[in-house]
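Peer 1: My structure file upload10.txt, compact mmCIF, C-alpha atoms, is below:
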# COMPACT_ATOMS: atom_id res chain seq x y z
CA MET F 1 -25.68 -4.24 -2.55
CA SER F 2 -24.85 -5.15 -6.15
CA THR F 3 -24.22 -8.76 -7.06
CA TYR F 4 -22.00 -10.04 -9.87
CA TYR F 5 -22.95 -13.69 -10.34
CA TYR F 6 -21.55 -13.99 -13.84
CA LEU F 7 -18.28 -12.16 -13.11
CA VAL F 8 -17.49 -13.99 -9.88
CA ALA F 9 -18.45 -17.39 -11.27
CA GLY F 10 -16.05 -16.80 -14.15
CA LEU F 11 -13.04 -15.88 -12.01
CA PRO F 12 -10.13 -18.28 -12.60
CA ASP F 13 -8.66 -20.15 -9.66
CA ILE F 14 -5.34 -18.61 -8.64
CA ALA F 15 -2.67 -19.41 -6.06
CA LEU F 16 0.23 -17.41 -4.69
CA ASP F 17 2.79 -19.74 -6.24
CA ASP F 18 1.31 -19.60 -9.75
CA GLY F 19 4.01 -19.12 -12.38
CA LYS F 20 1.75 -17.43 -14.90
CA LEU F 21 -1.64 -15.74 -15.01
CA SER F 22 -4.51 -15.74 -17.47
CA CYS F 23 -5.63 -12.39 -16.05
CA THR F 24 -3.52 -9.43 -14.91
CA VAL F 25 -4.02 -6.31 -12.80
CA ALA F 26 -4.13 -4.31 -16.03
CA GLY F 27 -6.49 -6.82 -17.60
CA PHE F 28 -8.88 -6.55 -14.67
CA LYS F 29 -9.37 -2.89 -15.58
CA SER F 30 -10.55 -3.78 -19.07
CA ASP F 31 -12.31 -7.11 -18.43
CA TYR F 32 -14.13 -6.59 -15.13
CA TYR F 33 -14.12 -2.92 -14.17
CA PRO F 34 -16.58 -1.75 -16.91
CA HIS F 35 -19.28 -4.08 -15.55
CA LEU F 36 -19.25 -2.60 -12.03
CA THR F 37 -21.67 -0.02 -10.65
CA ASP F 38 -20.30 3.49 -10.19
CA ALA F 39 -20.12 3.00 -6.42
CA ASP F 40 -18.17 -0.23 -6.79
CA LYS F 41 -15.89 1.32 -9.42
CA HIS F 42 -14.97 3.90 -6.81
CA LEU F 43 -13.92 1.12 -4.44
CA VAL F 44 -11.72 -0.49 -7.09
CA ASP F 45 -10.28 2.94 -7.89
CA LEU F 46 -8.86 2.96 -4.35
CA PHE F 47 -6.66 0.01 -5.34
CA TYR F 48 -5.43 1.60 -8.56
CA LEU F 49 -4.63 4.89 -6.82
CA GLN F 50 -1.40 3.32 -5.56
CA PHE F 51 -0.09 3.46 -9.12
CA ASP F 52 -1.22 7.09 -9.47
CA ASN F 53 0.73 7.83 -6.30
CA GLN F 54 3.88 6.39 -7.84
CA ASP F 55 3.38 8.42 -11.01
CA LEU F 56 2.67 11.58 -9.01
CA LEU F 57 5.92 11.24 -7.04
CA ARG F 58 7.81 10.59 -10.25
CA LEU F 59 6.36 13.68 -11.95
CA LEU F 60 6.94 15.95 -8.97
CA LYS F 61 10.62 15.06 -9.10
CA ASP F 62 10.77 15.48 -12.87
CA LYS F 63 7.84 16.76 -14.91
CA GLU F 64 9.44 15.24 -18.01
CA ALA F 65 9.37 11.78 -16.46
CA LEU F 66 7.24 9.12 -18.10
CA ALA F 67 4.20 8.08 -16.07
CA GLU F 68 3.43 4.38 -16.23
CA GLY F 69 -0.29 5.12 -16.45
CA LYS F 70 -1.36 1.96 -14.60
CA GLY F 71 -3.67 3.89 -12.28
CA ASN F 72 -6.77 6.01 -12.74
CA PHE F 73 -5.10 9.06 -14.28
CA THR F 74 -2.75 9.79 -17.14
CA GLY F 75 0.53 11.60 -16.64
CA GLU F 76 -0.95 14.67 -18.32
CA GLU F 77 -3.84 14.71 -15.87
CA LEU F 78 -1.52 14.43 -12.88
CA LEU F 79 0.59 17.30 -14.21
CA GLU F 80 -2.60 19.36 -14.48
CA LEU F 81 -3.20 18.68 -10.78
CA VAL F 82 0.36 19.70 -9.91
CA GLU F 83 0.11 22.94 -11.87
CA ALA F 84 -3.28 23.79 -10.40
CA VAL F 85 -1.92 23.43 -6.85
CA ARG F 86 1.25 25.33 -7.76
CA ASN F 87 -0.86 28.24 -9.04
CA ASP F 88 -3.31 28.09 -6.12
CA ASP F 89 -6.11 27.11 -8.47
CA CYS F 90 -8.85 24.62 -7.62
CA PRO F 91 -8.02 21.20 -9.11
CA ASP F 92 -10.62 19.18 -10.98
CA LYS F 93 -12.94 17.37 -8.57
CA LYS F 94 -12.09 14.06 -10.24
CA PHE F 95 -8.90 13.97 -8.18
CA PRO F 96 -9.24 12.58 -4.64
CA PRO F 97 -8.71 15.40 -2.11
CA TYR F 98 -5.68 13.73 -0.50
CA MET F 99 -3.68 14.29 -3.68
CA GLN F 100 -4.20 18.04 -3.54
CA ARG F 101 -3.22 18.11 0.14
CA PHE F 102 -0.09 16.10 -0.58
CA VAL F 103 1.07 18.22 -3.52
CA LYS F 104 0.60 21.35 -1.41
CA ALA F 105 2.61 19.75 1.41
CA TYR F 106 5.28 18.64 -1.07
CA PHE F 107 5.85 22.21 -2.27
CA ALA F 108 6.25 23.30 1.35
CA LEU F 109 9.07 20.80 2.01
CA ALA F 110 12.62 22.09 2.27
CA PRO F 111 15.13 20.33 -0.03
CA GLU F 112 16.56 18.35 2.87
CA GLU F 113 13.04 17.13 3.74
CA LEU F 114 12.11 15.72 0.33
CA TYR F 115 12.98 12.22 1.52
CA ARG F 116 9.73 12.39 3.53
CA ALA F 117 7.54 12.80 0.44
CA GLU F 118 6.79 9.12 -0.14
CA ASP F 119 5.74 8.56 3.48
CA LEU F 120 3.63 11.73 3.50
CA LEU F 121 1.79 10.56 0.40
CA ALA F 122 1.34 7.04 1.79
CA ALA F 123 -0.11 8.45 5.01
CA GLU F 124 -2.59 10.59 3.07
CA TYR F 125 -3.52 7.67 0.81
CA TYR F 126 -4.19 5.24 3.63
CA ARG F 127 -6.16 7.82 5.60
CA TYR F 128 -8.37 8.38 2.55
CA ALA F 129 -8.77 4.68 1.72
CA MET F 130 -9.62 3.73 5.31
CA GLN F 131 -12.60 6.09 5.08
CA ALA F 132 -14.18 3.91 2.38
CA LYS F 133 -17.87 3.29 3.00
CA ASN F 134 -17.38 -0.40 2.30
CA ALA F 135 -16.35 -2.00 5.62
CA PHE F 136 -14.32 -4.80 4.04
CA VAL F 137 -12.30 -2.47 1.81
CA ALA F 138 -11.66 -0.03 4.66
CA ALA F 139 -10.56 -2.92 6.89
CA TRP F 140 -8.16 -4.19 4.22
CA PHE F 141 -6.35 -0.88 4.00
CA GLU F 142 -6.12 -0.65 7.80
CA PHE F 143 -4.79 -4.21 8.00
CA ASN F 144 -2.25 -3.61 5.24
CA LEU F 145 -1.05 -0.39 6.90
CA ASN F 146 -0.67 -2.21 10.22
CA VAL F 147 1.29 -5.08 8.66
CA ASN F 148 3.68 -2.73 6.87
CA ASN F 149 4.19 -0.56 9.94
CA ILE F 150 4.71 -3.44 12.36
CA LEU F 151 7.31 -5.07 10.13
CA ALA F 152 9.05 -1.72 9.68
CA ALA F 153 9.00 -1.13 13.45
CA LEU F 154 10.43 -4.58 14.19
CA ALA F 155 13.18 -4.08 11.59
CA ALA F 156 14.00 -0.65 13.05
CA ARG F 157 14.32 -2.15 16.52
CA LYS F 158 16.54 -4.92 15.20
CA TYR F 159 18.91 -2.49 13.51
CA LYS F 160 18.65 0.11 16.28
CA LEU F 161 17.04 2.77 14.11
CA ASP F 162 14.65 5.51 15.18
CA LEU F 163 11.06 4.25 15.09
CA GLN F 164 9.68 7.73 14.50
CA GLY F 165 11.04 7.78 10.98
CA VAL F 166 9.63 4.49 9.75
CA ILE F 167 5.99 4.50 10.90
CA VAL F 168 3.48 5.79 8.35
CA GLY F 169 0.14 7.25 9.37
CA ASP F 170 -1.59 8.63 12.45
CA THR F 171 -3.89 5.85 13.64
CA ALA F 172 -3.98 4.63 17.24
CA VAL F 173 -1.87 1.62 16.22
CA CYS F 174 0.68 3.95 14.60
CA GLU F 175 1.01 5.97 17.78
CA GLN F 176 1.35 2.80 19.85
CA LEU F 177 4.17 1.59 17.61
CA ARG F 178 5.96 4.91 17.98
CA SER F 179 5.64 5.18 21.75
CA SER F 180 5.64 1.69 23.28
CA ASN F 181 8.76 -0.03 24.57
CA ALA F 182 6.97 -3.34 25.10
CA ARG F 183 8.12 -6.31 23.05
CA ASP F 184 4.67 -6.54 21.45
CA PHE F 185 4.17 -2.74 21.44
CA GLY F 186 1.19 -3.38 23.73
CA LEU F 187 -0.78 -4.61 20.70
CA ASN F 188 -0.83 -8.37 21.14
CA GLU F 189 -4.38 -8.49 22.50
CA GLU F 190 -5.65 -6.00 19.94
CA LEU F 191 -4.10 -7.54 16.81
CA ASP F 192 -4.38 -11.32 16.52
CA TYR F 193 -1.76 -11.39 13.75
CA LEU F 194 0.98 -9.64 15.71
CA GLU F 195 2.71 -12.84 16.86
CA ALA F 196 2.79 -14.12 13.28
CA LEU F 197 4.46 -10.88 12.17
CA GLN F 198 7.01 -11.18 14.98
CA ARG F 199 7.92 -14.67 13.78
CA ILE F 200 8.15 -13.45 10.20
CA SER F 201 10.44 -10.57 11.20
CA GLU F 202 12.87 -13.01 12.81
CA MET F 203 13.44 -14.92 9.57
CA ASP F 204 16.86 -14.34 8.01
CA GLU F 205 15.95 -14.96 4.38
CA LEU F 206 14.23 -11.86 3.05
CA VAL F 207 12.48 -13.57 0.14
CA GLU F 208 11.00 -16.14 2.52
CA ARG F 209 9.89 -13.34 4.84
CA GLU F 210 8.16 -11.61 1.95
CA LYS F 211 6.42 -14.83 0.95
CA LYS F 212 5.23 -15.48 4.54
CA THR F 213 3.91 -11.93 4.73
CA ASP F 214 1.91 -12.39 1.54
CA LEU F 215 0.60 -15.73 2.81
CA LEU F 216 -0.58 -13.95 5.97
CA LYS F 217 -2.37 -11.37 3.82
CA TRP F 218 -3.81 -14.13 1.63
CA LYS F 219 -5.26 -15.87 4.70
CA TRP F 220 -6.67 -12.60 6.03
CA LEU F 221 -8.46 -12.09 2.72
CA ASP F 222 -9.84 -15.65 2.94
CA ASP F 223 -11.12 -15.15 6.47
CA GLN F 224 -12.58 -11.69 6.02
CA SER F 225 -14.28 -12.36 2.68
CA PHE F 226 -15.73 -15.76 3.63
CA PHE F 227 -19.34 -14.57 3.66
CA HIS F 228 -19.00 -12.36 0.58
CA TYR F 229 -20.03 -14.55 -2.33
CA PHE F 230 -20.95 -12.61 -5.48
CA THR F 231 -20.27 -9.04 -4.41
CA VAL F 232 -17.60 -6.47 -5.14
CA GLU F 233 -15.63 -7.69 -2.12
CA ARG F 234 -14.94 -10.98 -3.92
CA LEU F 235 -13.73 -9.12 -7.00
CA PHE F 236 -11.60 -6.85 -4.83
CA VAL F 237 -9.95 -9.89 -3.23
CA PHE F 238 -9.25 -11.34 -6.67
CA LEU F 239 -7.60 -8.08 -7.74
CA LEU F 240 -5.41 -7.94 -4.63
CA ARG F 241 -4.29 -11.50 -5.19
CA LEU F 242 -3.49 -10.82 -8.83
CA GLU F 243 -1.14 -8.08 -7.66
CA MET F 244 0.61 -10.42 -5.21
CA ILE F 245 1.11 -13.12 -7.82
CA GLU F 246 2.38 -10.67 -10.45
CA ARG F 247 4.92 -9.43 -7.94
CA TRP F 248 6.19 -12.94 -7.22
CA ILE F 249 6.42 -13.81 -10.87
CA SER F 250 8.80 -10.88 -11.27
CA LEU F 251 10.73 -11.56 -8.05
CA ASN F 252 13.44 -14.21 -7.93
CA LYS F 253 16.00 -15.40 -5.40
CA GLU F 254 18.77 -13.11 -6.70
CA SER F 255 16.63 -10.02 -6.37
CA GLY F 256 15.93 -10.92 -2.74
CA SER F 257 19.33 -9.75 -1.51
CA ALA F 258 19.00 -6.55 -3.52
CA LEU F 259 15.57 -6.00 -2.00
CA PHE F 260 17.06 -6.46 1.46
CA ARG F 261 19.80 -3.87 0.84
CA GLN F 262 17.22 -1.47 -0.53
CA LEU F 263 15.02 -1.93 2.55
CA ILE F 264 17.85 -1.21 4.98
CA GLN F 265 19.01 1.80 2.96
CA GLN F 266 15.48 3.21 2.96
CA LEU F 267 15.25 2.75 6.73
CA LYS F 268 18.55 4.59 7.20
CA GLU F 269 17.49 7.43 4.91
CA GLN F 270 14.27 7.87 6.88
CA VAL F 271 16.10 8.32 10.15
CA GLN F 272 17.32 11.80 11.02
CA ILE F 273 20.79 11.89 12.57
CA PRO F 274 21.09 14.45 15.38
CA GLU F 275 23.37 17.38 14.51
CA GLU F 276 25.82 16.66 17.35
CA PHE F 277 26.55 13.21 15.87
CA ARG F 278 27.27 14.49 12.38
CA LYS F 279 30.53 16.15 13.36
Could the structure of this file be written out as structure tokens, please?

Peer 2:
Amino acid sequence: MSTYYYLVAGLPDIALDDGKLSCTVAGFKSDYYPHLTDADKHLVDLFYLQFDNQDLLRLLKDKEALAEGKGNFTGEELLELVEAVRNDDCPDKKFPPYMQRFVKAYFALAPEELYRAEDLLAAEYYRYAMQAKNAFVAAWFEFNLNVNNILAALAARKYKLDLQGVIVGDTAVCEQLRSSNARDFGLNEELDYLEALQRISEMDELVEREKKTDLLKWKWLDDQSFFHYFTVERLFVFLLRLEMIERWISLNKESGSALFRQLIQQLKEQVQIPEEFRK
């Protein structure tokens, strides 16, 4: 296991309510990433792949769209992947295999099914990330998937929407969320954070709910990384927290109501209305 005494010792102290940052998610890529071993770079790449996913979706909808380029690949590289899959060629091995599977699945979608693309890609991404050889990193992605799915399931129940359309992934927890009618989905004994998520879901103010969710994630990172001192896990935690803080710096009270409307609209769009009710 590689140790990074100098890097970890030099990490600035950060808190979720910080109003500004001396380091950013983009800056991490230039300031810390080059000093990692190849194996640890691969772990950090898993984090940055979320931005590649966003660019890939954007380019599939419009190949002339501008990729933000915050991930591991440029827009040109992602278009190369798309064209390789379109032409049944073998994409460059630098691309994670889930991307090729997703692009192939995307091209097989009927126009009326394109709304499923984002969830299909998320499912592939989480499945890939949860296979990480680093136990802490794999556990983080599983925890994050569970949190997102549980909150989506509780919101769907509240607004009487179909659960099948809002759960991402195919883990045992995913299947339990889809099939259980129990108030706790039969997961209370398995997931010690379920009750906290239920309390969060009952909050009326969306911005406060988002903050409580991030605080829950922040605490999970504290607990799970406690015995990781100068390793890549500590750097990974720092990177995740940078992302949370950057998000809150850009999010204000006014945008909270807009975020709420967007959430509900997305839930509605993900639910298929039976044909007999469309008439």

Peer 1: For Asn148 (chain F), work out the shell of residues within 10 Å, counting only C-alpha atoms and skipping chain neighbours fewer than 6 positions away, then give it as a PDB file with C-alpha atoms, in the frame of the given file.

Peer 2:
ATOM      1  CA  VAL F 166       9.630   4.490   9.750  1.00  0.00           C
ATOM      2  CA  ILE F 167       5.990   4.500  10.900  1.00  0.00           C
ATOM      3  CA  VAL F 168       3.480   5.790   8.350  1.00  0.00           C
ATOM      4  CA  LEU F 197       4.460 -10.880  12.170  1.00  0.00           C
ATOM      5  CA  THR F 213       3.910 -11.930   4.730  1.00  0.00           C
TER       6      THR F 213
END

Peer 1: With 10 Å as the cut-off and all atoms listed in the file counted, what is the closest atom pair between each nearby residue of region 170-229 of chain F and region 143-147 of chain F? Distances in Å to one decimal, ordered by chain and number, as a tab-separated table.

Peer 2:
residue	atom	partner	partner_atom	distance
F:Thr171	CA	F:Asn146	CA	9.3
F:Val173	CA	F:Asn146	CA	7.2
F:Cys174	CA	F:Asn146	CA	7.7
F:Leu177	CA	F:Asn146	CA	9.6
F:Leu191	CA	F:Asn146	CA	9.1
F:Tyr193	CA	F:Val147	CA	8.7
F:Leu194	CA	F:Val147	CA	8.4
F:Leu197	CA	F:Val147	CA	7.5
F:Thr213	CA	F:Val147	CA	8.3
F:Leu216	CA	F:Val147	CA	9.5
F:Lys217	CA	F:Asn144	CA	7.9
F:Trp220	CA	F:Phe143	CA	8.8

Peer 1: Using only C-alpha atoms, can you tell me which of F:Leu161, F:Ile150, F:Leu206, F:Leu81 comes closest to Leu187 (chain F)?

Peer 2: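 Among the listed residues, the smallest separation from Leu187 (chain F) belongs to F:Ile150.
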
Peer 1: Calculated over only C-alpha atoms, which of the candidates F:Asp170, F:Asp88, F:Asp119, F:Glu246 has the smallest distance to Lys104 (chain F)?

Peer 2: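 Ranked by minimum distance to Lys104 (chain F), first place goes to F:Asp88.
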
Peer 1: When distances are computed from all atoms listed in the file, which of F:Leu79, F:Val232, F:Ile245, F:Ala123 shows the smallest separation from Glu64 (chain F)?

Peer 2: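 The closest residue to Glu64 (chain F) is F:Leu79.
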
Peer 1: Per residue of region 68-143 of chain F within 12 Å of region 34-49 of chain F, what are the shortest atom pair and its distance in Å to one decimal, counting only C-alpha atoms, with rows by chain and residue number, as JSON lines?

Peer 2:
{"residue": "F:Gly69", "atom": "CA", "partner": "F:Tyr48", "partner_atom": "CA", "distance": 10.1}
{"residue": "F:Lys70", "atom": "CA", "partner": "F:Tyr48", "partner_atom": "CA", "distance": 7.3}
{"residue": "F:Gly71", "atom": "CA", "partner": "F:Tyr48", "partner_atom": "CA", "distance": 4.7}
{"residue": "F:Asn72", "atom": "CA", "partner": "F:Tyr48", "partner_atom": "CA", "distance": 6.2}
{"residue": "F:Phe73", "atom": "CA", "partner": "F:Leu49", "partner_atom": "CA", "distance": 8.6}
{"residue": "F:Thr74", "atom": "CA", "partner": "F:Leu49", "partner_atom": "CA", "distance": 11.6}
{"residue": "F:Leu78", "atom": "CA", "partner": "F:Leu49", "partner_atom": "CA", "distance": 11.7}
{"residue": "F:Lys94", "atom": "CA", "partner": "F:His42", "partner_atom": "CA", "distance": 11.1}
{"residue": "F:Phe95", "atom": "CA", "partner": "F:Leu49", "partner_atom": "CA", "distance": 10.1}
{"residue": "F:Pro96", "atom": "CA", "partner": "F:Leu49", "partner_atom": "CA", "distance": 9.2}
{"residue": "F:Tyr98", "atom": "CA", "partner": "F:Leu49", "partner_atom": "CA", "distance": 10.9}
{"residue": "F:Met99", "atom": "CA", "partner": "F:Leu49", "partner_atom": "CA", "distance": 10.0}
{"residue": "F:Leu121", "atom": "CA", "partner": "F:Leu49", "partner_atom": "CA", "distance": 11.2}
{"residue": "F:Ala122", "atom": "CA", "partner": "F:Leu49", "partner_atom": "CA", "distance": 10.7}
{"residue": "F:Glu124", "atom": "CA", "partner": "F:Leu49", "partner_atom": "CA", "distance": 11.6}
{"residue": "F:Tyr125", "atom": "CA", "partner": "F:Leu49", "partner_atom": "CA", "distance": 8.2}
{"residue": "F:Tyr126", "atom": "CA", "partner": "F:Leu46", "partner_atom": "CA", "distance": 9.5}
{"residue": "F:Arg127", "atom": "CA", "partner": "F:Leu46", "partner_atom": "CA", "distance": 11.4}
{"residue": "F:Tyr128", "atom": "CA", "partner": "F:Leu46", "partner_atom": "CA", "distance": 8.8}
{"residue": "F:Ala129", "atom": "CA", "partner": "F:Leu46", "partner_atom": "CA", "distance": 6.3}
{"residue": "F:Met130", "atom": "CA", "partner": "F:Leu46", "partner_atom": "CA", "distance": 9.7}
{"residue": "F:Gln131", "atom": "CA", "partner": "F:Leu46", "partner_atom": "CA", "distance": 10.6}
{"residue": "F:Ala132", "atom": "CA", "partner": "F:Leu43", "partner_atom": "CA", "distance": 7.4}
{"residue": "F:Lys133", "atom": "CA", "partner": "F:Leu43", "partner_atom": "CA", "distance": 8.7}
{"residue": "F:Asn134", "atom": "CA", "partner": "F:Leu43", "partner_atom": "CA", "distance": 7.7}
{"residue": "F:Ala135", "atom": "CA", "partner": "F:Leu43", "partner_atom": "CA", "distance": 10.8}
{"residue": "F:Phe136", "atom": "CA", "partner": "F:Leu43", "partner_atom": "CA", "distance": 10.3}
{"residue": "F:Val137", "atom": "CA", "partner": "F:Leu43", "partner_atom": "CA", "distance": 7.4}
{"residue": "F:Ala138", "atom": "CA", "partner": "F:Leu43", "partner_atom": "CA", "distance": 9.4}
{"residue": "F:Trp140", "atom": "CA", "partner": "F:Phe47", "partner_atom": "CA", "distance": 10.5}
{"residue": "F:Phe141", "atom": "CA", "partner": "F:Phe47", "partner_atom": "CA", "distance": 9.4}

Peer 1: From the set F:Phe227, F:Glu189, F:Glu68, F:Lys93, which residue has the shortest atom-to-atom contact distance to Gln50 (chain F), counting all atoms listed in the file?

Peer 2: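 The answer is F:Glu68, which sits nearest to Gln50 (chain F).
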
Peer 1: At what distance in Å, to one decimal, does CA of Leu235 (chain F) lie from CA of Ala9 (chain F)?

Peer 2: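 Distance reported for this atom pair: 10.4 Å.
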
Peer 1: Do a neighbour search on Ser179 (chain F) at 12 Å with all atoms listed in the file, toss out local chain neighbours closer than 4 positions, and write the hits as number ranges by chain.

Peer 2: F: 153, 162-164, 167, 172-175, 183-187

Peer 1: In Å, rounded to a single decimal, give me how far CA of Leu120 (chain F) is from CA of Asn188 (chain F).

Peer 2: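 Between CA of Asn188 (chain F) and CA of Leu120 (chain F) the gap is 27.1 Å.
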
Peer 1: At what distance in Å, to one decimal, does CA of Lys29 (chain F) lie from CA of Val237 (chain F)?

Peer 2: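 CA of Lys29 (chain F) lies at a distance of 14.2 Å from CA of Val237 (chain F).
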
Peer 1: Kindly indicate which residue among F:Tyr115, F:Glu76, F:Ala196, F:Ser201 lies nearest to Leu154 (chain F), using all atoms listed in the file for the distances.

Peer 2: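 Closest to Leu154 (chain F) of all the choices is F:Ser201.
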
Peer 1: I need the residue nearest Val8 (chain F) from this list: F:Tyr32, F:Glu243, F:Ala139, F:Ala110. Use only C-alpha atoms for the distance.

Peer 2: F:Tyr32

Peer 1: Near Leu21 (chain F), counting all atoms listed in the file, which residues have an atom at most 12 Å away, once you skip same-chain residues fewer than 6 positions from it, shown as a ChimeraX atom specification?

Peer 2: /F:11-15,27-28,241-249

Peer 1: Box for region 205-218 of chain F - axis-aligned, 6 Å on each of the six sides, all listed atoms - centre and size in Å to one decimal, as AutoDock Vina command-line options.

Peer 2:
--center_x 6.1 --center_y -13.8 --center_z 3.1 --size_x 31.8 --size_y 16.8 --size_z 17.8

Peer 1: Supply region 191-206 of chain F as a PDB file, in the coordinates of the input, with N, CA and C atoms built in where the input has gaps.

Peer 2:
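Final output, saved to rebuild_9.pdb:
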ATOM      1  N   LEU F 191      -4.343  -7.046  18.164  1.00  0.00           N
ATOM      2  CA  LEU F 191      -4.100  -7.540  16.810  1.00  0.00           C
ATOM      3  C   LEU F 191      -3.735  -9.026  16.876  1.00  0.00           C
ATOM      4  N   ASP F 192      -4.617  -9.879  16.402  1.00  0.00           N
ATOM      5  CA  ASP F 192      -4.380 -11.320  16.520  1.00  0.00           C
ATOM      6  C   ASP F 192      -3.304 -11.833  15.569  1.00  0.00           C
ATOM      7  N   TYR F 193      -2.812 -10.982  14.686  1.00  0.00           N
ATOM      8  CA  TYR F 193      -1.760 -11.390  13.750  1.00  0.00           C
ATOM      9  C   TYR F 193      -0.381 -10.858  14.151  1.00  0.00           C
ATOM     10  N   LEU F 194      -0.292 -10.225  15.307  1.00  0.00           N
ATOM     11  CA  LEU F 194       0.980  -9.640  15.710  1.00  0.00           C
ATOM     12  C   LEU F 194       2.060 -10.704  15.929  1.00  0.00           C
ATOM     13  N   GLU F 195       1.721 -11.792  16.604  1.00  0.00           N
ATOM     14  CA  GLU F 195       2.710 -12.840  16.860  1.00  0.00           C
ATOM     15  C   GLU F 195       3.232 -13.430  15.554  1.00  0.00           C
ATOM     16  N   ALA F 196       2.360 -13.594  14.585  1.00  0.00           N
ATOM     17  CA  ALA F 196       2.790 -14.120  13.280  1.00  0.00           C
ATOM     18  C   ALA F 196       3.781 -13.165  12.629  1.00  0.00           C
ATOM     19  N   LEU F 197       3.538 -11.871  12.746  1.00  0.00           N
ATOM     20  CA  LEU F 197       4.460 -10.880  12.170  1.00  0.00           C
ATOM     21  C   LEU F 197       5.799 -10.885  12.907  1.00  0.00           C
ATOM     22  N   GLN F 198       5.764 -11.092  14.219  1.00  0.00           N
ATOM     23  CA  GLN F 198       7.010 -11.180  14.980  1.00  0.00           C
ATOM     24  C   GLN F 198       7.845 -12.364  14.522  1.00  0.00           C
ATOM     25  N   ARG F 199       7.197 -13.489  14.270  1.00  0.00           N
ATOM     26  CA  ARG F 199       7.920 -14.670  13.780  1.00  0.00           C
ATOM     27  C   ARG F 199       8.481 -14.412  12.383  1.00  0.00           C
ATOM     28  N   ILE F 200       7.701 -13.761  11.560  1.00  0.00           N
ATOM     29  CA  ILE F 200       8.150 -13.450  10.200  1.00  0.00           C
ATOM     30  C   ILE F 200       9.377 -12.535  10.244  1.00  0.00           C
ATOM     31  N   SER F 201       9.347 -11.546  11.132  1.00  0.00           N
ATOM     32  CA  SER F 201      10.440 -10.570  11.200  1.00  0.00           C
ATOM     33  C   SER F 201      11.754 -11.206  11.640  1.00  0.00           C
ATOM     34  N   GLU F 202      11.669 -12.348  12.312  1.00  0.00           N
ATOM     35  CA  GLU F 202      12.870 -13.010  12.810  1.00  0.00           C
ATOM     36  C   GLU F 202      13.525 -13.914  11.761  1.00  0.00           C
ATOM     37  N   MET F 203      12.882 -14.078  10.623  1.00  0.00           N
ATOM     38  CA  MET F 203      13.440 -14.920   9.570  1.00  0.00           C
ATOM     39  C   MET F 203      14.595 -14.211   8.888  1.00  0.00           C
ATOM     40  N   ASP F 204      15.659 -14.935   8.603  1.00  0.00           N
ATOM     41  CA  ASP F 204      16.860 -14.340   8.010  1.00  0.00           C
ATOM     42  C   ASP F 204      16.723 -14.127   6.510  1.00  0.00           C
ATOM     43  N   GLU F 205      16.070 -15.042   5.830  1.00  0.00           N
ATOM     44  CA  GLU F 205      15.950 -14.960   4.380  1.00  0.00           C
ATOM     45  C   GLU F 205      14.829 -14.004   3.998  1.00  0.00           C
ATOM     46  N   LEU F 206      15.210 -12.902   3.339  1.00  0.00           N
ATOM     47  CA  LEU F 206      14.230 -11.860   3.050  1.00  0.00           C
ATOM     48  C   LEU F 206      13.136 -12.341   2.103  1.00  0.00           C
TER      49      LEU F 206
END
